[in-house]
file run31.txt (compact mmCIF, C-alpha atoms)
# COMPACT_ATOMS: atom_id res chain seq x y z
CA MET W 1 3.23 -19.93 -7.14
CA ARG W 2 0.64 -17.26 -7.96
CA ALA W 3 1.17 -15.73 -4.53
CA LEU W 4 4.90 -15.36 -5.23
CA ILE W 5 4.19 -13.85 -8.64
CA GLN W 6 1.83 -11.31 -7.04
CA GLN W 7 4.45 -10.53 -4.42
CA TYR W 8 7.23 -10.01 -6.98
CA TYR W 9 4.95 -7.89 -9.16
CA GLU W 10 4.08 -5.68 -6.19
CA ARG W 11 7.74 -5.32 -5.23
CA ILE W 12 8.83 -4.43 -8.75
CA SER W 13 5.99 -2.03 -9.54
CA ALA W 14 6.47 -0.24 -6.19
CA SER W 15 10.27 -0.04 -6.40
CA TYR W 16 12.00 3.28 -7.00
CA TRP W 17 13.91 2.02 -10.05
CA PHE W 18 11.15 0.31 -12.05
CA ILE W 19 9.39 3.29 -13.66
CA PRO W 20 12.65 5.19 -14.43
CA SER W 21 14.01 2.02 -16.07
CA ILE W 22 10.91 1.59 -18.22
CA MET W 23 11.02 5.24 -19.24
CA ALA W 24 14.73 5.00 -20.13
CA ILE W 25 14.07 1.95 -22.32
CA ALA W 26 11.15 3.75 -23.99
CA ALA W 27 13.40 6.76 -24.65
CA ALA W 28 16.03 4.53 -26.25
CA ILE W 29 13.41 2.96 -28.52
CA LEU W 30 12.10 6.41 -29.47
CA ALA W 31 15.62 7.56 -30.30
CA PHE W 32 16.21 4.62 -32.65
CA ILE W 33 12.83 5.15 -34.34
CA LEU W 34 13.37 8.87 -34.96
CA ILE W 35 16.93 8.33 -36.17
CA GLU W 36 15.67 5.72 -38.61
CA LEU W 37 12.97 8.11 -39.81
CA ASP W 38 15.58 10.83 -40.29
CA SER W 39 17.63 8.50 -42.44
CA ARG W 40 14.65 7.75 -44.69
CA VAL W 41 12.80 11.06 -44.84
CA PRO W 42 14.18 13.82 -47.09
CA ALA W 43 15.77 16.73 -45.24
CA ASP W 44 13.18 19.24 -46.50
CA ALA W 45 10.13 17.03 -45.94
CA LEU W 46 8.84 19.26 -43.12
CA GLY W 47 9.69 22.54 -44.80
CA ASN W 48 12.57 24.93 -44.36
CA SER W 49 11.74 26.39 -40.96
CA PRO W 50 14.99 27.02 -39.05
CA PHE W 51 13.22 26.01 -35.84
CA LEU W 52 13.14 22.36 -36.95
CA TYR W 53 16.75 22.01 -38.08
CA ALA W 54 20.21 22.13 -36.56
CA THR W 55 21.70 22.01 -40.10
CA GLN W 56 25.32 21.47 -39.05
CA PRO W 57 26.85 18.59 -37.01
CA ASP W 58 28.63 20.96 -34.62
CA GLY W 59 25.38 22.70 -33.75
CA ALA W 60 23.61 19.37 -33.31
CA ARG W 61 26.31 18.10 -30.97
CA ALA W 62 26.21 21.30 -28.94
CA ILE W 63 22.44 21.05 -28.44
CA LEU W 64 22.48 17.34 -27.54
CA SER W 65 25.49 17.69 -25.23
CA ALA W 66 23.91 20.59 -23.37
CA ILE W 67 20.62 18.70 -22.93
CA GLY W 68 22.26 15.42 -21.90
CA GLY W 69 24.72 17.00 -19.48
CA SER W 70 22.11 19.13 -17.76
CA MET W 71 19.59 16.28 -17.50
CA ILE W 72 21.94 13.87 -15.73
CA GLY W 73 22.96 16.64 -13.34
CA VAL W 74 19.34 17.46 -12.51
CA ALA W 75 18.58 13.73 -12.13
CA GLY W 76 21.26 13.51 -9.44
CA THR W 77 19.80 16.54 -7.69
CA VAL W 78 16.29 15.06 -7.83
CA PHE W 79 17.54 11.83 -6.26
CA SER W 80 19.35 13.75 -3.51
CA VAL W 81 16.28 15.87 -2.72
CA THR W 82 14.11 12.74 -2.63
CA MET W 83 16.46 11.02 -0.21
CA ALA W 84 16.56 14.09 2.03
CA ALA W 85 12.75 14.21 2.08
CA VAL W 86 12.57 10.49 2.84
CA VAL W 87 15.02 10.80 5.75
CA PHE W 88 13.11 13.77 7.16
CA ALA W 89 9.73 12.06 6.84
CA SER W 90 10.81 8.74 8.31
CA GLY W 91 12.45 10.50 11.25
CA SER W 92 9.51 12.81 11.92
CA PHE W 93 6.51 10.61 11.15
CA GLY W 94 7.83 7.06 11.60
CA PRO W 95 10.13 4.62 9.81
CA ARG W 96 7.20 2.63 8.40
CA LEU W 97 6.33 5.62 6.21
CA LEU W 98 9.62 5.21 4.33
CA THR W 99 7.90 2.84 1.88
CA ASN W 100 5.15 5.39 1.18
CA PHE W 101 7.66 8.00 0.02
CA MET W 102 9.83 5.59 -1.93
CA ASN W 103 6.74 4.29 -3.76
CA ASP W 104 5.47 7.77 -4.61
CA ARG W 105 4.71 7.86 -8.33
CA GLY W 106 5.52 11.56 -8.64
CA ASN W 107 9.11 11.04 -7.46
CA GLN W 108 9.57 7.99 -9.68
CA VAL W 109 8.23 9.69 -12.82
CA THR W 110 10.31 12.81 -12.19
CA LEU W 111 13.52 10.82 -11.96
CA GLY W 112 12.43 8.78 -14.98
CA VAL W 113 11.88 11.85 -17.16
CA PHE W 114 15.39 13.19 -16.57
CA VAL W 115 17.07 9.81 -16.99
CA ALA W 116 15.06 9.11 -20.14
CA THR W 117 15.96 12.51 -21.66
CA PHE W 118 19.63 11.87 -20.91
CA VAL W 119 19.55 8.40 -22.53
CA TYR W 120 17.69 9.77 -25.55
CA SER W 121 20.16 12.64 -26.04
CA MET W 122 23.22 10.38 -25.78
CA LEU W 123 21.86 7.90 -28.35
CA VAL W 124 20.93 10.66 -30.79
CA LEU W 125 24.30 12.36 -30.26
CA ARG W 126 26.04 9.17 -31.31
CA SER W 127 24.29 9.21 -34.69
CA VAL W 128 25.53 12.69 -35.74
CA ARG W 129 28.20 12.43 -38.48
CA ASP W 130 30.42 15.09 -40.06
CA GLY W 131 30.82 13.32 -43.39
CA GLY W 132 33.45 14.25 -45.92
CA GLU W 133 36.09 12.20 -47.72
CA GLU W 134 38.04 11.41 -44.53
CA SER W 135 35.02 10.13 -42.62
CA VAL W 136 34.75 6.36 -42.23
CA TYR W 137 30.98 6.69 -41.74
CA GLY W 138 30.16 8.17 -45.12
CA GLN W 139 28.22 11.33 -45.82
CA MET W 140 27.17 13.94 -43.29
CA PHE W 141 24.10 13.02 -41.22
CA VAL W 142 22.21 15.28 -38.82
CA PRO W 143 19.01 13.65 -37.40
CA ASN W 144 16.89 16.79 -37.38
CA LEU W 145 13.67 15.08 -36.26
CA ALA W 146 15.47 13.34 -33.39
CA ILE W 147 17.13 16.60 -32.33
CA PHE W 148 13.77 18.35 -32.37
CA GLY W 149 12.49 15.52 -30.16
CA ALA W 150 15.35 16.13 -27.72
CA ILE W 151 14.39 19.81 -27.51
CA VAL W 152 10.75 18.84 -26.81
CA LEU W 153 11.88 16.44 -24.08
CA ALA W 154 14.09 19.13 -22.55
CA ILE W 155 11.21 21.61 -22.42
CA PHE W 156 8.96 18.94 -20.93
CA SER W 157 11.65 18.16 -18.35
CA ILE W 158 11.64 21.78 -17.22
CA GLY W 159 7.89 21.48 -16.59
CA VAL W 160 8.46 18.28 -14.62
CA LEU W 161 11.16 20.03 -12.56
CA ILE W 162 8.69 22.79 -11.65
CA TYR W 163 6.17 20.10 -10.66
CA PHE W 164 8.79 18.33 -8.55
CA ILE W 165 9.68 21.52 -6.68
CA HIS W 166 6.02 21.83 -5.73
CA HIS W 167 5.52 18.11 -5.12
CA VAL W 168 8.26 17.50 -2.56
CA PRO W 169 7.18 20.01 0.12
CA SER W 170 3.55 19.13 -0.54
CA ASN W 171 4.32 15.44 -0.22
CA ILE W 172 5.93 15.78 3.22
CA HIS W 173 3.25 18.08 4.59
CA ILE W 174 1.81 16.15 7.54
CA SER W 175 -1.83 16.67 6.52
CA ASN W 176 -1.13 15.28 3.06
CA VAL W 177 0.81 12.35 4.50
CA ILE W 178 -2.07 11.45 6.80
CA ALA W 179 -4.63 11.98 4.02
CA GLY W 180 -2.71 9.64 1.72
CA ILE W 181 -2.75 6.89 4.33
CA GLY W 182 -6.40 7.54 5.18
CA GLN W 183 -7.51 7.42 1.55
CA GLY W 184 -5.61 4.19 1.06
CA LEU W 185 -7.31 2.79 4.16
CA LEU W 186 -10.78 3.71 2.88
CA LYS W 187 -10.04 2.04 -0.47
CA ARG W 188 -8.92 -1.12 1.32
CA ILE W 189 -12.15 -1.07 3.37
CA GLU W 190 -14.22 -0.79 0.19
CA ALA W 191 -12.40 -3.79 -1.23
CA GLU W 192 -12.49 -5.82 1.99
CA PHE W 193 -16.04 -5.11 3.18
CA SER W 194 -19.16 -5.30 1.05
CA ALA W 195 -21.87 -2.63 0.99
CA GLU W 196 -24.43 -5.44 0.60
CA ALA W 197 -24.63 -8.98 1.88
CA VAL W 198 -22.27 -11.27 -0.05
CA ARG W 199 -24.89 -14.00 -0.27
CA SER W 200 -28.46 -14.68 0.82
CA ASP W 201 -29.32 -16.03 4.25
CA GLN W 202 -30.17 -19.41 2.74
CA ALA W 203 -26.84 -19.63 0.93
CA GLU W 204 -25.00 -18.49 4.06
CA GLU W 205 -26.71 -21.16 6.12
CA ALA W 206 -25.92 -23.81 3.51
CA ILE W 207 -22.22 -22.93 3.70
CA ARG W 208 -22.22 -22.87 7.51
CA TRP W 209 -23.51 -26.43 7.51
CA GLN W 210 -20.38 -27.42 5.63
CA VAL W 211 -18.09 -26.07 8.36
CA PRO W 212 -16.49 -29.01 10.22
CA ALA W 213 -17.43 -29.25 13.88
CA CYS W 214 -13.84 -28.65 14.93
CA PHE W 215 -13.84 -25.28 13.10
CA ARG W 216 -17.12 -23.93 14.48
CA ASP W 217 -17.46 -21.12 17.00
CA ASP W 218 -19.15 -23.40 19.52
CA PRO W 219 -16.42 -24.18 22.08
CA ASP W 220 -17.79 -27.71 22.59
CA ALA W 221 -18.24 -28.49 18.89
CA GLY W 222 -14.67 -29.55 18.28
CA LYS W 223 -13.87 -30.76 21.78
CA ILE W 224 -11.24 -33.51 21.86
CA VAL W 225 -12.31 -36.58 23.75
CA ASP W 226 -9.87 -38.38 26.07
CA ASP W 227 -7.05 -36.04 25.06
CA GLY W 228 -6.78 -37.75 21.69
CA PRO W 229 -5.31 -36.18 18.55
CA PRO W 230 -7.31 -33.35 16.96
CA PRO W 231 -9.46 -34.25 13.94
CA TYR W 232 -7.47 -31.85 11.75
CA ALA W 233 -3.85 -31.79 10.61
CA GLU W 234 -1.67 -28.81 11.41
CA ILE W 235 0.61 -27.45 8.67
CA GLY W 236 3.55 -25.38 9.88
CA SER W 237 5.33 -22.54 8.15
CA ASP W 238 8.38 -23.22 6.00
CA ARG W 239 9.46 -19.58 5.84
CA VAL W 240 10.27 -16.62 8.09
CA GLY W 241 8.86 -13.14 7.65
CA TYR W 242 5.65 -11.12 7.55
CA LEU W 243 2.75 -12.75 5.76
CA GLN W 244 1.99 -10.50 2.77
CA ILE W 245 -0.11 -12.38 0.23
CA VAL W 246 -2.86 -15.01 0.59
CA ASP W 247 -3.89 -16.24 -2.86
CA ARG W 248 -7.42 -17.55 -2.52
CA GLU W 249 -7.50 -19.16 -5.94
CA SER W 250 -4.43 -21.26 -5.15
CA LEU W 251 -5.95 -22.10 -1.78
CA ILE W 252 -9.13 -23.35 -3.46
CA ASP W 253 -7.17 -25.46 -5.95
CA ALA W 254 -5.05 -27.03 -3.21
CA ALA W 255 -8.05 -27.83 -0.99
CA ARG W 256 -10.07 -29.21 -3.91
CA LYS W 257 -7.26 -31.54 -4.99
CA ASP W 258 -7.29 -33.40 -1.67
CA GLU W 259 -10.95 -32.74 -0.78
CA VAL W 260 -10.16 -31.01 2.51
CA VAL W 261 -11.40 -27.93 4.33
CA VAL W 262 -8.63 -25.69 5.61
CA ARG W 263 -8.58 -22.88 8.12
CA LEU W 264 -5.91 -20.17 7.97
CA THR W 265 -4.75 -19.49 11.52
CA CYS W 266 -3.20 -16.06 10.89
CA ARG W 267 -3.80 -13.03 8.70
CA PRO W 268 -1.62 -10.95 6.39
CA GLY W 269 0.68 -8.79 8.48
CA VAL W 270 1.44 -11.46 11.08
CA PHE W 271 5.07 -12.51 11.55
CA VAL W 272 5.50 -16.21 10.81
CA HIS W 273 8.47 -18.45 11.52
CA GLN W 274 9.59 -22.00 11.00
CA GLY W 275 7.13 -24.42 12.55
CA ARG W 276 4.36 -21.94 13.33
CA THR W 277 0.99 -23.43 12.42
CA LEU W 278 -0.46 -21.64 9.40
CA PHE W 279 -3.19 -24.08 8.34
CA GLN W 280 -5.49 -26.55 9.99
CA ALA W 281 -6.75 -29.06 7.42
CA TRP W 282 -9.73 -31.37 7.97
CA PRO W 283 -9.95 -34.35 7.80
CA ALA W 284 -6.46 -35.17 8.97
CA GLU W 285 -6.26 -38.54 7.17
CA ARG W 286 -6.37 -36.86 3.75
CA VAL W 287 -3.43 -34.57 4.48
CA ASP W 288 0.08 -35.54 3.47
CA GLU W 289 3.33 -33.69 2.77
CA ALA W 290 2.26 -32.79 -0.77
CA THR W 291 -0.94 -31.24 0.59
CA GLY W 292 1.09 -29.03 2.90
CA GLU W 293 3.36 -27.90 0.09
CA ARG W 294 0.40 -26.99 -2.11
CA LEU W 295 -1.27 -25.02 0.68
CA LEU W 296 1.92 -23.18 1.62
CA SER W 297 2.43 -22.20 -2.03
CA ALA W 298 -0.71 -20.05 -1.70
CA LEU W 299 1.13 -17.78 0.74
CA ALA W 300 3.94 -15.27 0.31
CA ALA W 301 5.99 -13.73 3.11
CA GLY W 302 8.50 -10.87 3.11
CA ASN W 303 10.76 -8.77 5.30
CA SER W 304 8.16 -6.07 5.92
CA ARG W 305 4.42 -5.64 6.13
CA SER W 306 2.52 -4.66 3.02
CA PRO W 307 -0.79 -2.75 2.80
CA ARG W 308 -1.92 -4.88 -0.18
CA GLN W 309 -3.91 -7.28 2.02
CA ASP W 310 -2.94 -6.08 5.50
CA ILE W 311 -5.55 -3.48 6.44
CA ASN W 312 -4.17 -3.33 10.00
CA PHE W 313 -0.92 -1.92 8.63
CA LEU W 314 -2.69 1.25 7.51
CA PHE W 315 -4.43 1.57 10.87
CA ASP W 316 -1.07 1.16 12.60
CA GLU W 317 0.53 3.90 10.48
CA LEU W 318 -2.13 6.41 11.54
CA VAL W 319 -1.85 5.33 15.18
CA GLU W 320 1.93 5.63 15.00
CA ILE W 321 1.80 9.19 13.66
CA ALA W 322 -0.73 10.20 16.30
CA GLY W 323 1.27 8.53 19.08
CA ARG W 324 4.45 10.35 18.04
CA ALA W 325 2.57 13.65 17.88
CA LEU W 326 1.31 13.16 21.44
CA SER W 327 4.69 12.20 22.87
CA PRO W 328 6.13 14.68 25.43
CA GLY W 329 8.99 15.60 23.11
CA VAL W 330 6.64 16.67 20.29
CA ASN W 331 3.37 17.63 22.00
CA ASP W 332 1.36 18.24 18.81
CA PRO W 333 -2.28 17.36 19.56
CA TYR W 334 -3.59 18.78 16.28
CA THR W 335 -1.66 16.24 14.21
CA ALA W 336 -3.22 13.57 16.42
CA ILE W 337 -6.64 15.11 15.78
CA THR W 338 -6.09 14.80 12.03
CA CYS W 339 -5.25 11.11 12.47
CA LEU W 340 -8.35 10.64 14.62
CA ASP W 341 -10.50 12.19 11.88
CA TRP W 342 -9.31 9.62 9.35
CA LEU W 343 -9.60 6.78 11.87
CA LYS W 344 -13.15 7.94 12.56
CA ALA W 345 -13.95 7.92 8.83
CA ALA W 346 -12.51 4.41 8.48
CA MET W 347 -14.48 3.01 11.42
CA ALA W 348 -17.70 4.64 10.21
CA ALA W 349 -17.14 2.99 6.82
CA ILE W 350 -16.58 -0.41 8.45
CA ALA W 351 -19.65 0.01 10.67
CA ALA W 352 -21.85 0.76 7.67
CA ARG W 353 -20.66 -2.28 5.70
CA HIS W 354 -21.04 -6.01 6.06
CA PRO W 355 -18.16 -7.95 7.62
CA GLY W 356 -15.63 -9.61 5.34
CA ASP W 357 -16.65 -13.07 4.18
CA PRO W 358 -14.62 -15.71 6.05
CA PHE W 359 -15.80 -18.58 3.85
CA VAL W 360 -13.90 -19.36 0.65
CA VAL W 361 -15.95 -21.53 -1.71
CA ASP W 362 -15.24 -22.97 -5.13
CA GLY W 363 -17.33 -22.60 -8.27
CA ASP W 364 -19.69 -25.34 -7.11
CA GLY W 365 -20.44 -23.59 -3.82
CA LYS W 366 -18.44 -26.10 -1.79
CA LEU W 367 -16.56 -24.80 1.23
CA ARG W 368 -12.79 -25.01 0.76
CA ALA W 369 -11.22 -22.60 3.25
CA ILE W 370 -12.00 -20.43 6.26
CA ILE W 371 -10.16 -17.14 6.66
CA ASP W 372 -11.02 -14.99 9.66
CA ALA W 373 -11.84 -11.53 8.34
CA GLY W 374 -12.13 -9.72 11.67
CA GLY W 375 -15.05 -7.68 12.94
CA PHE W 376 -15.93 -4.14 13.93
CA PRO W 377 -14.91 -4.43 17.63
CA GLU W 378 -11.48 -5.76 16.68
CA TYR W 379 -10.75 -2.94 14.22
CA LEU W 380 -12.10 -0.39 16.70
CA GLU W 381 -9.62 -1.66 19.28
CA ILE W 382 -6.76 -1.42 16.75
CA ALA W 383 -7.72 2.10 15.70
CA PHE W 384 -8.86 3.72 18.94
CA GLY W 385 -7.85 1.26 21.64
CA HIS W 386 -4.17 1.36 20.65
CA LEU W 387 -4.26 5.17 20.67
CA ARG W 388 -6.07 5.39 24.00
CA GLN W 389 -2.96 5.50 26.19
CA TYR W 390 -1.54 8.46 24.23
CA ALA W 391 -4.70 10.58 23.96
CA ALA W 392 -5.81 10.05 27.56
CA SER W 393 -3.09 12.34 28.87
CA ASP W 394 -3.93 15.27 26.57
CA MET W 395 -7.15 17.25 27.04
CA ILE W 396 -7.35 18.53 23.43
CA ALA W 397 -6.75 15.16 21.79
CA GLY W 398 -8.79 13.38 24.47
CA GLU W 399 -11.89 15.48 23.89
CA HIS W 400 -11.63 14.86 20.15
CA PHE W 401 -11.11 11.14 20.84
CA ILE W 402 -14.46 10.99 22.67
CA ASN W 403 -16.22 13.17 20.10
CA SER W 404 -14.95 10.93 17.29
CA LEU W 405 -16.42 7.87 19.01
CA GLY W 406 -19.71 9.74 19.30
CA GLU W 407 -19.69 10.48 15.57
CA ILE W 408 -19.14 6.78 14.79
CA LEU W 409 -22.30 5.78 16.68
CA PRO W 410 -24.83 6.91 14.01
CA ALA W 411 -23.07 4.72 11.42
CA CYS W 412 -23.34 1.57 13.57
CA ARG W 413 -25.85 -0.97 12.26
CA THR W 414 -26.06 -3.28 15.27
CA SER W 415 -26.30 -2.98 19.03
CA ALA W 416 -23.03 -4.92 19.36
CA GLN W 417 -21.23 -2.23 17.37
CA ARG W 418 -22.71 0.55 19.50
CA GLU W 419 -21.78 -1.31 22.66
CA ALA W 420 -18.18 -1.66 21.41
CA VAL W 421 -18.01 2.12 20.82
CA ARG W 422 -19.36 2.90 24.29
CA ARG W 423 -16.96 0.40 25.82
CA GLN W 424 -14.06 2.25 24.21
CA ALA W 425 -15.37 5.54 25.61
CA THR W 426 -15.72 4.05 29.09
CA ARG W 427 -12.18 2.70 29.09
CA PHE W 428 -10.86 6.03 27.85
CA VAL W 429 -12.57 7.95 30.65
CA GLU W 430 -11.24 5.49 33.23
CA LEU W 431 -7.71 5.93 31.93
CA SER W 432 -8.06 9.74 31.78
CA ARG W 433 -9.03 9.79 35.44
CA GLU W 434 -5.65 8.28 36.27
CA VAL W 435 -3.59 10.93 34.44
CA LEU W 436 -5.77 14.08 34.34
CA SER W 437 -7.49 16.14 36.97
CA GLY W 438 -9.40 19.36 37.45
CA ALA W 439 -10.78 21.20 34.44
CA SER W 440 -8.98 18.93 31.96
CA LEU W 441 -10.67 15.84 33.35
CA ALA W 442 -14.02 17.64 33.52
CA THR W 443 -13.76 18.38 29.78
CA ILE W 444 -13.26 14.70 29.01
CA GLU W 445 -16.11 13.60 31.27
CA THR W 446 -18.49 16.19 29.79
CA ALA W 447 -17.73 14.94 26.27
CA ALA W 448 -18.16 11.31 27.36
CA ALA W 449 -21.51 12.04 29.04
CA ARG W 450 -23.01 12.77 25.62
CA ILE W 451 -22.48 9.22 24.40
CA LEU W 452 -22.43 7.13 27.58
CA PRO W 453 -25.68 6.17 29.32
CA GLU W 454 -26.19 7.49 32.81
CA ARG W 455 -25.12 5.09 35.52

call {"tool": "encode", "arguments": {"input": "run31.txt", "output": "structure tokens"}}
result
Amino acid sequence: MRALIQQYYERISASYWFIPSIMAIAAAILAFILIELDSRVPADALGNSPFLYATQPDGARAILSAIGGSMIGVAGTVFSVTMAAVVFASGSFGPRLLTNFMNDRGNQVTLGVFVATFVYSMLVLRSVRDGGEESVYGQMFVPNLAIFGAIVLAIFSIGVLIYFIHHVPSNIHISNVIAGIGQGLLKRIEAEFSAEAVRSDQAEEAIRWQVPACFRDDPDAGKIVDDGPPPYAEIGSDRVGYLQIVDRESLIDAARKDEVVVRLTCRPGVFVHQGRTLFQAWPAERVDEATGERLLSALAAGNSRSPRQDINFLFDELVEIAGRALSPGVNDPYTAITCLDWLKAAMAAIAARHPGDPFVVDGDGKLRAIIDAGGFPEYLEIAFGHLRQYAASDMIAGEHFINSLGEILPACRTSAQREAVRRQATRFVELSREVLSGASLATIETAAARILPER
């Protein structure tokens, strides 16, 4: 259940309508408060400055009508400009970037300011009364404080409009788009990978001893004898979509209730369908239908991938932009170089940190779940390996590809990481030899010679 709550919260907070709705409600509350204050505070409480007072109902209505009418018109224009920018960006950079622009806080707040000012002006306008003997509402009432508030909101809205005019072209500038994805990727790496060891070697060894034989890396540890049933129970998916949320707390509670150790067989970002195995629970004799329901409640799936827990999604966005830039129809190697710079920064950050902890333990230090966190070679293949086929055919991007791998090497902590980097460089050179020749190929080979050992 907590996984679903997290999923709904993420959807609502990232939606285009949420912040404008909250701001409109806040504006309505402010209008009622200021109108109530106007009804209780004497008309001359703040002095006799003409700047603070509309004095007559007709003047008050004219001010509020002008503000309200202009604000709703500008709100429609803001929405149209946002949609045009979204269509341009998704067509130029990739459809997966549509979510990034729709979730942009600047666009949401801008629309919210104009909608809120319109709602505020309409509610205050309704409270203006002419008075007189023929009026059914009693004596004349002009909410001077509330009208002054409408003027302040209108002036503030003009400032927001100026900001929006600057924000839209800046937001669709390719360097800023790539930087936004890259910064989000680095934040996810900081959250996913620890700068220091999660636990001591003794504690790590104590947890590894709790891993069932069938879940260990040793290929013979969990070998099935005589083709009998496996020692664990397999729990299949009851939903269809991309796995978005894995709630570890719910997973711990479910495993503790039945005293089992579970292994998640896929990661956030993977497409799941009815019957696909999501969990392996050991021992099998303790697993029943209720156990499966409790474990599945720790997961949430949706129609699209989400960067909340899916770090590969951010890698894929950068690779997609670079791949489009290197396509024959676009032929923009410098955009690809910008993507490579951020991919290089991300891989250097991963190389310098400890791998994600695959072991999920409860408060007593007892192993409850195993979630594969992935390692440096796997992320290097996603970042650079998936881009290899595009960059290998372009000398400019290819040279930067090799140089970026060389700049990752100093950040590597282990020989296995350095070997993975050199393996990527070797594969890239081999592929370049198939599509390049002459001086272009010589440039790639010269760059690769600086990081590859002589053979």

call {"tool": "residues_around", "arguments": {"input": "run31.txt", "residues": "region 162-173 of chain W", "least_positions_apart": "6", "cutoff": "8 Å", "atoms": "all atoms listed in the file", "output": "list in words"}}
result
Thr82, Ala85, Ala89, Gly106, Asn107 and Thr110 of chain W

call {"tool": "write_last_selection", "arguments": {"input": "run31.txt", "atoms": "C-alpha atoms", "output": "JSON list (two decimals), keeping the file's coordinate frame"}}
result
[["chain", "number", "residue", "atom", "x", "y", "z"],
["W", 82, "THR", "CA", 14.11, 12.74, -2.63],
["W", 85, "ALA", "CA", 12.75, 14.21, 2.08],
["W", 89, "ALA", "CA", 9.73, 12.06, 6.84],
["W", 106, "GLY", "CA", 5.52, 11.56, -8.64],
["W", 107, "ASN", "CA", 9.11, 11.04, -7.46],
["W", 110, "THR", "CA", 10.31, 12.81, -12.19]]

call {"tool": "closest_residue", "arguments": {"input": "run31.txt", "among": "W:Leu278, W:Met122, W:Ala383, W:Ala60", "to": "Phe148 (chain W)", "atoms": "all atoms listed in the file"}}
result
W:Ala60

call {"tool": "closest_residue", "arguments": {"input": "run31.txt", "among": "W:Val429, W:Ile245, W:Ile147, W:Cys339", "to": "Ala66 (chain W)", "atoms": "only C-alpha atoms"}}
result
W:Ile147

call {"tool": "closest_residue", "arguments": {"input": "run31.txt", "among": "W:Leu299, W:Val246, W:Ile370, W:Ile311", "to": "Val211 (chain W)", "atoms": "all atoms listed in the file"}}
result
W:Ile370

call {"tool": "atom_distance", "arguments": {"input": "run31.txt", "atom1": "CA of Phe279 (chain W)", "atom2": "CA of Leu264 (chain W)"}}
result
4.8 Å

call {"tool": "residues_around", "arguments": {"input": "run31.txt", "residues": "Ser157 (chain W)", "least_positions_apart": "6", "cutoff": "9 Å", "atoms": "only C-alpha atoms", "output": "PDB file with C-alpha atoms, in the coordinates of the input"}}
result
ATOM      1  CA  MET W  71      19.590  16.280 -17.500  1.00  0.00           C
ATOM      2  CA  THR W 110      10.310  12.810 -12.190  1.00  0.00           C
ATOM      3  CA  VAL W 113      11.880  11.850 -17.160  1.00  0.00           C
ATOM      4  CA  PHE W 114      15.390  13.190 -16.570  1.00  0.00           C
ATOM      5  CA  THR W 117      15.960  12.510 -21.660  1.00  0.00           C
TER       6      THR W 117
END

call {"tool": "closest_residue", "arguments": {"input": "run31.txt", "among": "W:Val421, W:Ala179, W:Val81, W:Cys214", "to": "Thr338 (chain W)", "atoms": "only C-alpha atoms"}}
result
W:Ala179

call {"tool": "closest_residue", "arguments": {"input": "run31.txt", "among": "W:Val177, W:Ala336, W:Ile207, W:Ile72", "to": "Leu98 (chain W)", "atoms": "all atoms listed in the file"}}
result
W:Val177

call {"tool": "atom_distance", "arguments": {"input": "run31.txt", "atom1": "CA of Arg305 (chain W)", "atom2": "CA of Ile189 (chain W)"}}
result
17.4 Å

call {"tool": "residues_around", "arguments": {"input": "run31.txt", "residues": "Glu320 (chain W)", "least_positions_apart": "3", "cutoff": "8 Å", "atoms": "all atoms listed in the file", "output": "list of chain:residue names"}}
result
W:Phe93, W:Gly94, W:Asp316, W:Glu317, W:Gly323, W:Arg324

call {"tool": "write_last_selection", "arguments": {"input": "run31.txt", "atoms": "C-alpha atoms", "output": "PDB file, in the frame of the given file"}}
result
ATOM      1  CA  PHE W  93       6.510  10.610  11.150  1.00  0.00           C
ATOM      2  CA  GLY W  94       7.830   7.060  11.600  1.00  0.00           C
ATOM      3  CA  ASP W 316      -1.070   1.160  12.600  1.00  0.00           C
ATOM      4  CA  GLU W 317       0.530   3.900  10.480  1.00  0.00           C
ATOM      5  CA  GLY W 323       1.270   8.530  19.080  1.00  0.00           C
ATOM      6  CA  ARG W 324       4.450  10.350  18.040  1.00  0.00           C
TER       7      ARG W 324
END

call {"tool": "atom_distance", "arguments": {"input": "run31.txt", "atom1": "CA of Ser237 (chain W)", "atom2": "CA of Ala284 (chain W)"}}
result
17.3 Å

call {"tool": "closest_residue", "arguments": {"input": "run31.txt", "among": "W:Ala254, W:Tyr379, W:Asp201, W:Leu314", "to": "Leu296 (chain W)", "atoms": "all atoms listed in the file"}}
result
W:Ala254

call {"tool": "axis_aligned_box", "arguments": {"input": "run31.txt", "around": "region 53-68 of chain W", "padding_each_side": "6 Å", "output": "AutoDock Vina command-line options"}}
result
--center_x 22.7 --center_y 19.1 --center_z -31.0 --size_x 23.9 --size_y 19.3 --size_z 30.2

call {"tool": "residues_around", "arguments": {"input": "run31.txt", "residues": "Ser297 (chain W)", "least_positions_apart": "2", "cutoff": "8 Å", "atoms": "all atoms listed in the file", "output": "PyMOL selection string"}}
result
chain W and resi 1-4+250+293-295+299-300

call {"tool": "residues_around", "arguments": {"input": "run31.txt", "residues": "Gln183 (chain W)", "least_positions_apart": "3", "cutoff": "10 Å", "atoms": "all atoms listed in the file", "output": "PyMOL selection string"}}
result
chain W and resi 178-180+186-189+314+342+345-346
